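The next block is my_file.tsv, given as TSV, C-alpha atoms.
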```
chain	number	residue	atom	x	y	z
M	1	MET	CA	112.76	125.41	172.42
M	2	VAL	CA	109.88	123.96	170.45
M	3	VAL	CA	109.28	120.24	170.88
M	4	LEU	CA	107.26	118.55	168.11
M	5	ASN	CA	105.01	115.63	168.92
M	6	ARG	CA	104.70	112.57	166.71
M	7	THR	CA	101.65	113.91	164.85
M	8	ALA	CA	103.43	117.14	163.89
M	9	ILE	CA	106.48	115.20	162.74
M	10	ALA	CA	104.29	112.94	160.59
M	11	VAL	CA	102.59	115.95	159.00
M	12	ILE	CA	105.94	117.54	158.19
M	13	ILE	CA	107.17	114.32	156.60
M	14	VAL	CA	104.05	114.10	154.42
M	15	ILE	CA	104.50	117.73	153.34
M	16	ILE	CA	108.12	117.07	152.42
M	17	ILE	CA	107.11	114.02	150.36
M	18	ILE	CA	104.44	116.04	148.52
M	19	ILE	CA	106.90	118.85	147.78
M	20	ALA	CA	109.46	116.34	146.52
M	21	PHE	CA	106.85	114.70	144.29
M	22	LEU	CA	105.77	118.03	142.81
M	23	ALA	CA	109.35	119.07	142.21
M	24	PHE	CA	110.64	115.77	140.86
M	25	VAL	CA	108.63	113.27	138.82
M	26	VAL	CA	105.08	113.87	137.60
M	27	VAL	CA	102.83	116.88	138.14
M	28	VAL	CA	99.05	116.70	137.83
M	29	ASP	CA	97.64	120.22	137.59
M	30	GLY	CA	94.15	121.51	138.44
M	31	ASN	CA	92.87	120.59	134.99
M	32	ASN	CA	94.00	117.01	135.49
M	33	ASN	CA	96.76	117.44	132.91
M	34	VAL	CA	99.92	115.42	133.44
M	35	GLN	CA	103.27	117.11	133.03
M	36	CYS	CA	106.76	115.71	133.45
M	37	LYS	CA	108.87	117.93	135.69
M	38	ASN	CA	112.54	117.11	136.20
M	39	VAL	CA	111.96	113.40	135.74
M	40	PRO	CA	115.03	111.19	135.29
M	41	LYS	CA	116.08	110.26	131.77
M	42	PRO	CA	117.31	106.93	130.40
M	43	CYS	CA	121.06	107.49	129.90
M	44	ASN	CA	124.19	105.55	128.92
M	45	MET	CA	122.63	104.02	125.81
M	46	SER	CA	124.72	101.32	124.15
M	47	ILE	CA	124.11	99.48	120.89
M	48	GLN	CA	125.43	96.03	120.01
M	49	ASP	CA	125.38	95.00	116.35
M	50	LEU	CA	123.97	91.48	116.01
M	51	GLY	CA	124.73	91.25	112.32
M	52	ASP	CA	121.84	90.35	110.04
M	53	THR	CA	119.60	89.79	113.06
M	54	GLY	CA	119.50	93.42	114.22
M	55	LEU	CA	120.73	95.72	116.98
M	56	ALA	CA	120.57	95.12	120.74
M	57	ILE	CA	119.90	98.53	122.34
M	58	ARG	CA	120.31	99.06	126.10
M	59	TRP	CA	120.11	102.00	128.52
M	60	ASN	CA	120.09	102.60	132.27
M	61	HIS	CA	116.97	101.58	134.14
M	62	VAL	CA	114.89	104.58	135.30
M	63	PRO	CA	113.20	104.11	138.70
M	64	GLY	CA	109.47	104.78	138.56
M	65	ALA	CA	109.21	104.56	134.78
M	66	THR	CA	106.27	102.50	133.58
M	67	SER	CA	107.66	102.03	130.06
M	68	TYR	CA	110.06	103.44	127.48
M	69	ASN	CA	109.80	104.95	124.01
M	70	LEU	CA	112.53	104.55	121.40
M	71	TYR	CA	113.11	107.15	118.69
M	72	VAL	CA	114.86	106.37	115.38
M	73	ALA	CA	115.82	109.13	112.95
M	74	ASP	CA	118.11	109.93	110.03
M	75	ASP	CA	119.86	112.78	111.88
M	76	ARG	CA	121.33	113.40	115.33
M	77	GLU	CA	118.80	116.17	116.01
M	78	LEU	CA	115.96	113.62	115.61
M	79	ARG	CA	114.16	115.72	113.02
M	80	THR	CA	114.37	113.73	109.78
M	81	ASN	CA	112.28	110.61	109.16
M	82	VAL	CA	111.62	110.17	112.86
M	83	LYS	CA	109.98	106.94	113.99
M	84	ARG	CA	108.65	106.49	117.52
M	85	LEU	CA	108.45	102.96	118.90
M	86	GLU	CA	106.24	102.96	121.98
M	87	ASP	CA	106.27	100.75	125.06
M	88	VAL	CA	109.57	99.04	124.24
M	89	SER	CA	111.53	96.79	126.56
M	90	ASN	CA	115.04	97.35	127.89
M	91	PRO	CA	117.09	95.91	126.25
M	92	TYR	CA	115.31	96.19	122.93
M	93	ILE	CA	116.09	94.26	119.73
M	94	PHE	CA	115.79	96.55	116.72
M	95	HIS	CA	115.38	94.65	113.45
M	96	LYS	CA	117.32	96.06	110.52
M	97	THR	CA	114.78	97.04	107.90
M	98	TYR	CA	116.56	100.05	106.40
M	99	PRO	CA	118.41	99.81	103.04
M	100	ALA	CA	121.91	98.37	103.13
M	101	GLY	CA	124.50	100.90	104.30
M	102	SER	CA	122.02	103.10	106.18
M	103	THR	CA	122.95	104.92	109.39
M	104	CYS	CA	120.34	105.66	112.08
M	105	TYR	CA	120.31	107.72	115.28
M	106	PHE	CA	118.63	106.29	118.37
M	107	ALA	CA	117.32	107.87	121.57
M	108	ALA	CA	115.17	106.60	124.43
M	109	THR	CA	112.72	108.35	126.74
M	110	ALA	CA	111.10	107.16	129.97
M	111	VAL	CA	107.32	107.18	130.41
M	112	PHE	CA	105.70	107.87	133.78
M	113	THR	CA	102.05	107.37	134.68
M	114	ALA	CA	99.92	109.45	137.06
M	115	ALA	CA	96.15	109.94	137.31
M	116	GLN	CA	95.84	107.26	134.59
M	117	LYS	CA	97.75	109.50	132.18
M	118	ASP	CA	101.28	109.31	130.82
M	119	CYS	CA	104.06	111.83	130.54
M	120	GLU	CA	107.43	111.43	128.86
M	121	SER	CA	110.94	112.37	129.93
M	122	GLY	CA	113.46	114.12	127.77
M	123	VAL	CA	116.28	112.51	125.81
M	124	CYS	CA	119.64	111.84	127.46
M	125	ASP	CA	121.74	110.17	124.74
M	126	VAL	CA	121.59	110.10	120.94
M	127	VAL	CA	123.60	107.16	119.62
M	128	GLU	CA	124.57	106.45	116.03
M	129	ALA	CA	124.52	102.93	114.57
M	130	ARG	CA	124.44	101.16	111.23
M	131	CYS	CA	120.83	100.10	110.73
M	132	GLY	CA	120.88	98.87	107.13
M	133	CYS	CA	119.91	95.30	106.53
M	134	ALA	CA	121.40	92.99	103.94
M	135	LEU	CA	119.51	90.80	101.54
M	136	PRO	CA	119.94	87.08	102.28
M	137	GLU	CA	122.10	84.77	100.25
M	138	ALA	CA	120.52	82.70	97.52
M	139	PRO	CA	119.82	79.09	98.52
M	140	VAL	CA	122.21	76.40	97.35
M	141	LEU	CA	120.33	73.44	95.92
M	142	ARG	CA	121.14	69.91	97.02
M	143	CYS	CA	122.33	68.64	93.66
M	144	TYR	CA	122.82	65.21	92.17
M	145	ASP	CA	121.93	63.43	88.95
M	146	TYR	CA	118.93	61.13	89.13
M	147	PHE	CA	117.81	58.86	86.29
M	148	GLU	CA	114.59	56.94	85.76
M	149	PHE	CA	115.18	54.35	83.06
M	150	PRO	CA	112.65	53.37	80.37
M	151	GLY	CA	109.77	51.49	81.87
M	152	GLU	CA	110.18	53.29	85.19
M	153	GLY	CA	109.00	56.76	84.19
M	154	ASN	CA	111.49	57.93	81.59
M	155	PHE	CA	112.46	61.00	83.62
M	156	HIS	CA	115.84	62.59	84.02
M	157	VAL	CA	116.70	65.25	86.58
M	158	LYS	CA	119.51	67.38	85.20
M	159	THR	CA	120.46	69.13	88.43
M	160	CYS	CA	118.77	68.64	91.79
M	161	GLY	CA	115.95	66.82	93.51
M	162	ALA	CA	113.92	63.86	92.30
M	163	PRO	CA	111.75	63.53	89.18
M	164	PRO	CA	107.97	63.21	89.32
M	165	PRO	CA	106.78	59.60	89.37
M	166	PRO	CA	105.19	58.31	86.16
M	167	ALA	CA	101.67	58.15	87.63
M	168	ASP	CA	101.93	61.69	88.98
M	169	THR	CA	103.42	64.99	87.95
M	170	ARG	CA	104.68	66.30	91.28
M	171	ILE	CA	108.20	67.72	91.41
M	172	PHE	CA	110.45	67.53	94.48
M	173	ILE	CA	113.21	70.07	95.15
M	174	GLN	CA	115.49	70.56	98.15
M	175	TRP	CA	118.18	73.01	99.27
M	176	PHE	CA	120.58	73.82	102.11
M	177	PRO	CA	119.24	76.11	104.90
M	178	VAL	CA	120.17	79.82	104.92
M	179	ASN	CA	120.73	81.62	108.24
M	180	GLY	CA	118.38	84.50	109.08
M	181	THR	CA	115.64	83.24	106.77
M	182	VAL	CA	112.03	84.28	107.37
M	183	GLU	CA	110.69	82.13	104.54
M	184	TYR	CA	111.64	80.60	101.19
M	185	LYS	CA	109.91	81.03	97.85
M	186	VAL	CA	109.80	78.37	95.15
M	187	TYR	CA	109.11	79.36	91.53
M	188	CYS	CA	108.25	77.07	88.64
M	189	GLN	CA	107.71	77.39	84.90
M	190	GLU	CA	107.25	74.86	82.12
M	191	GLY	CA	110.19	74.65	79.73
M	192	MET	CA	113.98	74.77	79.76
M	193	ASP	CA	116.31	77.80	79.78
M	194	VAL	CA	113.53	79.93	81.25
M	195	SER	CA	114.41	83.41	82.54
M	196	PRO	CA	113.84	83.72	86.32
M	197	THR	CA	111.64	86.75	85.63
M	198	ASN	CA	109.19	84.61	83.65
M	199	PHE	CA	108.36	82.02	86.30
M	200	THR	CA	104.57	82.00	86.73
M	201	LYS	CA	103.99	79.53	89.57
M	202	LYS	CA	105.06	80.47	93.09
M	203	TRP	CA	104.86	78.83	96.52
M	204	THR	CA	105.93	80.03	99.97
M	205	VAL	CA	107.83	77.60	102.22
M	206	PRO	CA	108.39	78.08	106.00
M	207	ALA	CA	111.90	78.88	107.18
M	208	THR	CA	112.07	75.54	108.97
M	209	SER	CA	111.62	73.56	105.74
M	210	TYR	CA	114.42	72.92	103.26
M	211	TYR	CA	112.46	71.08	100.61
M	212	PHE	CA	109.25	71.36	98.63
M	213	GLU	CA	106.98	69.07	96.64
M	214	THR	CA	104.75	70.73	94.07
M	215	GLU	CA	101.11	70.12	93.37
M	216	PRO	CA	100.39	67.85	90.37
M	217	MET	CA	101.68	69.67	87.29
M	218	ASN	CA	99.95	69.61	83.91
M	219	GLY	CA	101.99	69.45	80.74
M	220	ASN	CA	104.70	67.38	79.14
M	221	GLY	CA	108.40	67.86	78.61
M	222	CYS	CA	110.50	69.93	81.00
M	223	TRP	CA	109.88	72.02	84.10
M	224	SER	CA	112.31	74.61	85.47
M	225	MET	CA	112.40	75.75	89.11
M	226	ILE	CA	114.28	78.24	91.28
M	227	VAL	CA	114.33	78.97	95.02
M	228	THR	CA	114.85	82.31	96.82
M	229	THR	CA	115.41	83.27	100.45
M	230	CYS	CA	113.48	86.03	102.24
M	231	ASN	CA	114.35	88.00	105.37
M	232	ASP	CA	113.06	91.25	106.89
M	233	CYS	CA	115.00	93.24	104.29
M	234	GLY	CA	113.67	91.51	101.19
M	235	GLU	CA	114.22	88.63	98.78
M	236	SER	CA	117.51	87.15	97.61
M	237	THR	CA	118.64	86.55	94.09
M	238	PRO	CA	117.41	83.19	92.74
M	239	SER	CA	119.20	79.91	93.13
M	240	LYS	CA	120.55	78.06	90.14
M	241	ILE	CA	117.78	76.76	87.88
M	242	TYR	CA	116.71	73.19	88.55
M	243	THR	CA	115.22	71.41	85.51
M	244	THR	CA	113.46	68.06	85.31
M	245	CYS	CA	112.54	66.61	81.94
M	246	GLU	CA	110.67	63.64	80.57
M	247	VAL	CA	112.84	61.84	78.01
M	248	ASP	CA	112.69	58.59	76.12
M	249	SER	CA	115.96	57.40	77.64
M	250	PRO	CA	118.68	58.75	79.90
M	251	PRO	CA	121.28	60.83	78.06
```

Output the file's structure as structure tokens, nothing else.
Amino acid sequence: MVVLNRTAIAVIIVIIIIIAFLAFVVVVDGNNNVQCKNVPKPCNMSIQDLGDTGLAIRWNHVPGATSYNLYVADDRELRTNVKRLEDVSNPYIFHKTYPAGSTCYFAATAVFTAAQKDCESGVCDVVEARCGCALPEAPVLRCYDYFEFPGEGNFHVKTCGAPPPPADTRIFIQWFPVNGTVEYKVYCQEGMDVSPTNFTKKWTVPATSYYFETEPMNGNGCWSMIVTTCNDCGESTPSKIYTTCEVDSPP
């Protein structure tokens, strides 16, 4: 009967660990190339639709992985219009930037690091989800009639906001907030009954602001304005036209 001392037992344990490492995880060959060999894959992917916000994508944690890559494609085989998002978190929030009604296929891989190089696992799950975004709703203006009587500016606001003061030509407009907004855009053009496609002045307003005051405007008569909402998918249709006019007396 052979009795092993502590040193021999320690050597055997080290050899077993080395064999296990070479057989399962990351292999660094003689040319210092890193190869994944039988590494675990991120499985059990689930996708929660967050509405206009995006998709919450989750998968099982992979022990030893230093990061994850997420693949998005137009087909289950991950061959058409494939996008690779590197170094993503788990869970990952995917923002809907595809056209409305689009379907995408998602898959995750685990990344392992050895000898300061990375290797990537295979794919476990391919999950289908609706990835099309929707354009935001048009803003609703805060509307009321506002009159400035003769001697106080002779301005009349036909729809929303407040007229420019007589010593200035600034125009104030306000609207109700729209959920999921990235920013608002305010357009302005001199005149009444102006087509929204002909508005020449444009300003960008942060998503946290629901009002805007223009720079001093040159010209006399009427000014027309519209507001749009923007999200990651694009720009909404315009709001109703807001018109402010200088008149001799209130109608």

Would you pick out the contacts of Pro40 in chain M at 12 Å or less, using all atoms listed in the file, so that residues sharing its chain but fewer than 5 positions from it are not included, and give the list as a ChimeraX atom specification? /M:23-26,60-65,108-112,119-124

Padding 5 Å on each side, edges along x, y and z: where is the centre of the box around the listed atoms of range 96-112 of chain M, and how long are its edges in Å to one decimal? Output it as lines of an AutoDock Vina configuration file.
```
center_x = 115.1
center_y = 102.2
center_z = 118.4
size_x = 28.8
size_y = 22.3
size_z = 40.7
```

Residue nearest Phe94 in chain M - candidates M:Gly132, M:Pro42, M:Pro196, M:Pro238, atoms counted: all atoms listed in the file: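 Selected residue with least distance to Phe94 in chain M: M:Gly132.
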
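Across the structure, CA of Pro216 in chain M and CA of Val178 in chain M are spaced 27.3 Å apart.
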
Nearest to Asp49 in chain M, chosen from M:Met192, M:Ala100, M:Ala129, M:Thr200, with all atoms listed in the file counted in the distances: M:Ala129

d(CA of Phe106 in chain M, CA of Glu128 in chain M) in Å: 6.4 Å

Could you give me, as a VMD selection string, the residues within 8 Å of Ile57 in chain M, counting only C-alpha atoms and dropping anything in the same chain fewer than 4 positions from it? chain M and resid 45 to 48 90 to 94

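Distances to Asp125 in chain M were evaluated for M:His95, M:Lys202, M:Lys41, M:Lys185 using all atoms listed in the file, and the minimum falls at M:Lys41.
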
Best match for closeness to Lys240 in chain M among M:Ile173, M:Val194, M:Val182, M:Leu141, counting only C-alpha atoms: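 Counting only C-alpha atoms, the residue closest to Lys240 in chain M is M:Leu141.
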
Nearest residue to Asp74 in chain M out of M:Gly51, M:Cys36, M:Phe212, M:Cys131, using all atoms listed in the file? M:Cys131

Which polymer residues, whether protein, DNA or RNA, lie within 7 Å of the coordinate (111.0, 73.3, 83.0) when you count all atoms listed in the file? List them as a PDB file with C-alpha atoms, keeping the file's coordinate frame, using the chain letters and numbers from the file.
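See point.pdb below for the written result:
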```pdb
ATOM      1  CA  GLN M 189     107.710  77.390  84.900  1.00  0.00           C
ATOM      2  CA  GLU M 190     107.250  74.860  82.120  1.00  0.00           C
ATOM      3  CA  GLY M 191     110.190  74.650  79.730  1.00  0.00           C
ATOM      4  CA  MET M 192     113.980  74.770  79.760  1.00  0.00           C
ATOM      5  CA  CYS M 222     110.500  69.930  81.000  1.00  0.00           C
ATOM      6  CA  TRP M 223     109.880  72.020  84.100  1.00  0.00           C
ATOM      7  CA  SER M 224     112.310  74.610  85.470  1.00  0.00           C
ATOM      8  CA  MET M 225     112.400  75.750  89.110  1.00  0.00           C
ATOM      9  CA  THR M 243     115.220  71.410  85.510  1.00  0.00           C
ATOM     10  CA  THR M 244     113.460  68.060  85.310  1.00  0.00           C
ATOM     11  CA  CYS M 245     112.540  66.610  81.940  1.00  0.00           C
TER      12      CYS M 245
END
```

Residues within 6 Å of (108.3, 77.9, 92.1), file coords, only C-alpha atoms, listed as a short mmCIF file (atom, residue, chain, number, x, y, z; two decimals) with C-alpha atoms, in the frame of the given file:
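Generated file (result-v8.cif):
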```
data_model
loop_
_atom_site.label_atom_id
_atom_site.label_comp_id
_atom_site.auth_asym_id
_atom_site.auth_seq_id
_atom_site.Cartn_x
_atom_site.Cartn_y
_atom_site.Cartn_z
CA VAL M 186 109.80 78.37 95.15
CA TYR M 187 109.11 79.36 91.53
CA CYS M 188 108.25 77.07 88.64
CA LYS M 201 103.99 79.53 89.57
CA LYS M 202 105.06 80.47 93.09
CA TRP M 203 104.86 78.83 96.52
CA MET M 225 112.40 75.75 89.11
#
```

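In this structure, CA of Thr80 in chain M sits 24.9 Å away from CA of Leu135 in chain M.
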
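Distance annotation: of M:Trp59, M:Tyr210, M:Phe176, M:Tyr71, the residue with the minimal separation from Leu85 in chain M is M:Tyr71; atom set is all atoms listed in the file.
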
Pick out the residues sitting within 10 Å of Gly234 in chain M, and hand them over as a list in words; count only C-alpha atoms, and ignore anything fewer than 4 positions along from it in its own chain.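 The residues satisfying every condition are Thr97, Pro99, Cys133, Ala134, Leu135, Pro136, Val182, Thr229 and Cys230 of chain M.
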